[in-house]
Amino acid sequence: MASSTPAARVHVQSPQTAVPTRAVEPGRARPIAVASPPLPAAAMQRRTRVVLCYRADAGVGADGGGAARGLWEEAVWAKESLSEAVADHPEMAGRLRRRADGSSWEVKLNDAGVRFVQAAADATVEEVVAAEGEDRARWDAALAPWVDVNAEEPDMCALFYLQLTRFHGDRGYAVGVSCSLLLADPLSLARFLTSWARTHAKMKAQGELATNPLMQYAGYFQRPGAMAARPRTSSVPVASVAGETVLFRARATAGQPGAPRGHRALAGACVAQLMASERLSEVRVPPRFSVVVVVVAADEGATGGISVETCAADGEPLRGGGGECELEAAQWQELGLDELVLGDSKPVHGSYSIVVNGGDEGLVVVMPDGAAGELLVAATVPKY
């Protein structure tokens with residue numbers, strides 16, 4: 001077992017769809033402005049990956065079963081609360097499509113829902129939490145899978161996947177999320193997941209969740225020992241390796257009120273600091289970077305949008321800049337997902353990354369964070 005790859009040890013048992021509990025208002029869409037159409041196929045595969053591991057309390061009962069069952073029953077209610085959370089955030093169930101002019105794009109808000117997958121792993125939560133380096137990356141890819149968006153029919157493809165994986169012996173489980181950057185930036189994704197956790201807790205407290213969640217997952221739960229005997233229906237394929245990402249906070253310098261202006265110059269400043277990082281000393285500078293800028297909606301209830309452009313790393317418009325802002329390093333933990341409570345439990349491990357699908361192009365994502373004009377910037381270089 002120990003010699004098998006993580007992909008071979010994670011087995012999909014029940015792919016489903018979490019559909020919003022309320023209909024989406026017709027005609028809503030999130031525009032995507034592409035500086036130089038067409039939108040590259042590789043851009044459709046860029047995504048944020050989040051893996052949160054939860055451990056059951058091994059000190060309850062002779063086999064630890066009391067807490068283990070409590071934690072897992074909490075987790076299987078996830079689909080109901082996820083459907084309600086998506087109704088509150090309909091953009092998360094959107095689909096990518098070309099606009100009528102054929103050259104511009106948008107995320108169309110609809111009732112298609114998000115992908116919800118149940119899986120089982122031939123591994124303990126302790127083994128997965130202890131994984132490091134390439135093994136860590138392989139586990140993350142297996143626990144938060146992704147199906148590439150079809151460039152010819154993007155509107156038929158999901159942009160958000162949530163996989164719930166139980167570990168061997170029901171001693172814990174993992175929540176794995178893969179979310180397209182065209183659908184939501186890392187900050188917006190973290191806010192949605194936090195909203196989902198609050199919705200889950202509220203529905204449970206008010207008795208709105210199924211009184212017997214095991215009935216709707218009867219095919220997933222088995223008597224003790226049956227997991228090893230049941231034939232595997234499918235296995236998770238190996239996903240792309242995540243890039244190296246560094247987060248920054250950007251604030252306007254003195255005398256420059258509001259958010260820093262000039263996103264391309266800001267991206268250049270972040271790239272320069274990223275490449276100066278000690279842990280990236282052996283990483284080559286990509287010849288090009290895509291700069292994705294999140295646009296805040298002007299009116300409440302609107303969906304905002306994003307802009308996408310490609311810049312050269314060794315010249316205009318990415319060169320230099322950043323003089324209007326102050327940069328400081330930020331951490332993934334600042335997004336608050338390490339505090340994402342399911343039931344009464346917080347994650348014992350959190351893993352966060354941006355997948356750029358290889359190639360020789362870097363990525364900079366600029367995200368507004370707060371009314372004061374502060375920005376959160378994620379700069380990513382691919383691993384060659």
# chains A, B, ... in the order shown; residues from 1 in each chain; ligands from 1
$ residues_around --residues "stretch 121-129 of chain A" --least-positions-apart "6" --cutoff "6 Å" --atoms "only C-alpha atoms" --output "count of residues only"
5
$ residues_around --residues "stretch 30-43 of chain A" --least-positions-apart "5" --cutoff "6 Å" --atoms "only C-alpha atoms" --output "NGL selection string"
:A and (105-107 or 151 or 303 or 305-309)
$ write_last_selection --atoms "N, CA and C atoms" --output "short mmCIF file (atom, residue, chain, number, x, y, z; two decimals), in the first residue's frame"
data_model
loop_
_atom_site.label_atom_id
_atom_site.label_comp_id
_atom_site.auth_asym_id
_atom_site.auth_seq_id
_atom_site.Cartn_x
_atom_site.Cartn_y
_atom_site.Cartn_z
N TRP A 105 -15.79 37.19 -23.23
CA TRP A 105 -16.22 36.06 -22.43
C TRP A 105 -16.98 36.52 -21.20
N GLU A 106 -17.66 35.59 -20.58
CA GLU A 106 -18.35 35.85 -19.33
C GLU A 106 -18.58 34.54 -18.59
N VAL A 107 -18.82 34.66 -17.29
CA VAL A 107 -19.29 33.52 -16.50
C VAL A 107 -20.79 33.72 -16.33
N ALA A 151 -12.19 23.57 -24.22
CA ALA A 151 -12.12 24.88 -24.86
C ALA A 151 -13.17 25.07 -25.94
N THR A 303 -22.29 41.49 -10.00
CA THR A 303 -21.34 40.38 -9.93
C THR A 303 -19.90 40.77 -10.18
N GLY A 305 -16.42 41.54 -12.08
CA GLY A 305 -15.82 40.90 -13.25
C GLY A 305 -14.33 40.78 -13.07
N ILE A 306 -13.64 40.36 -14.13
CA ILE A 306 -12.19 40.28 -14.10
C ILE A 306 -11.65 40.70 -15.45
N SER A 307 -10.38 41.13 -15.44
CA SER A 307 -9.67 41.41 -16.69
C SER A 307 -8.45 40.51 -16.76
N VAL A 308 -8.09 40.11 -17.97
CA VAL A 308 -6.97 39.20 -18.20
C VAL A 308 -6.09 39.78 -19.30
N GLU A 309 -4.79 39.91 -19.02
CA GLU A 309 -3.87 40.33 -20.07
C GLU A 309 -2.53 39.65 -19.86
#
$ select_by_dssp --residues "stretch 82-133 of chain A" --states "strand (DSSP E)" --output "VMD selection string"
chain A and resid 95 to 98 105 to 108 114 to 121
$ atom_distance --atom1 "atom CA of A:Leu96" --atom2 "atom CA of A:Ala184"
11.8 Å
$ residues_around --residues "A:Val86" --least-positions-apart "5" --cutoff "8 Å" --atoms "only C-alpha atoms" --output "ChimeraX atom specification"
/A:19-21,91-93,113
$ select_by_dssp --residues "stretch 16-141 of chain A" --states "alpha helix (DSSP H)" --output "JSON, numbers by chain"
{"A": [65, 66, 67, 68, 69, 70, 71, 72, 73, 74, 75, 76, 78, 79, 80, 81, 82, 83, 84, 85, 86, 87, 88, 125, 126, 127, 128, 129, 130, 133, 134, 135, 136, 137, 138, 139, 140, 141]}
$ atom_distance --atom1 "atom CA of A:Glu25" --atom2 "atom CA of A:Ala205"
28.6 Å
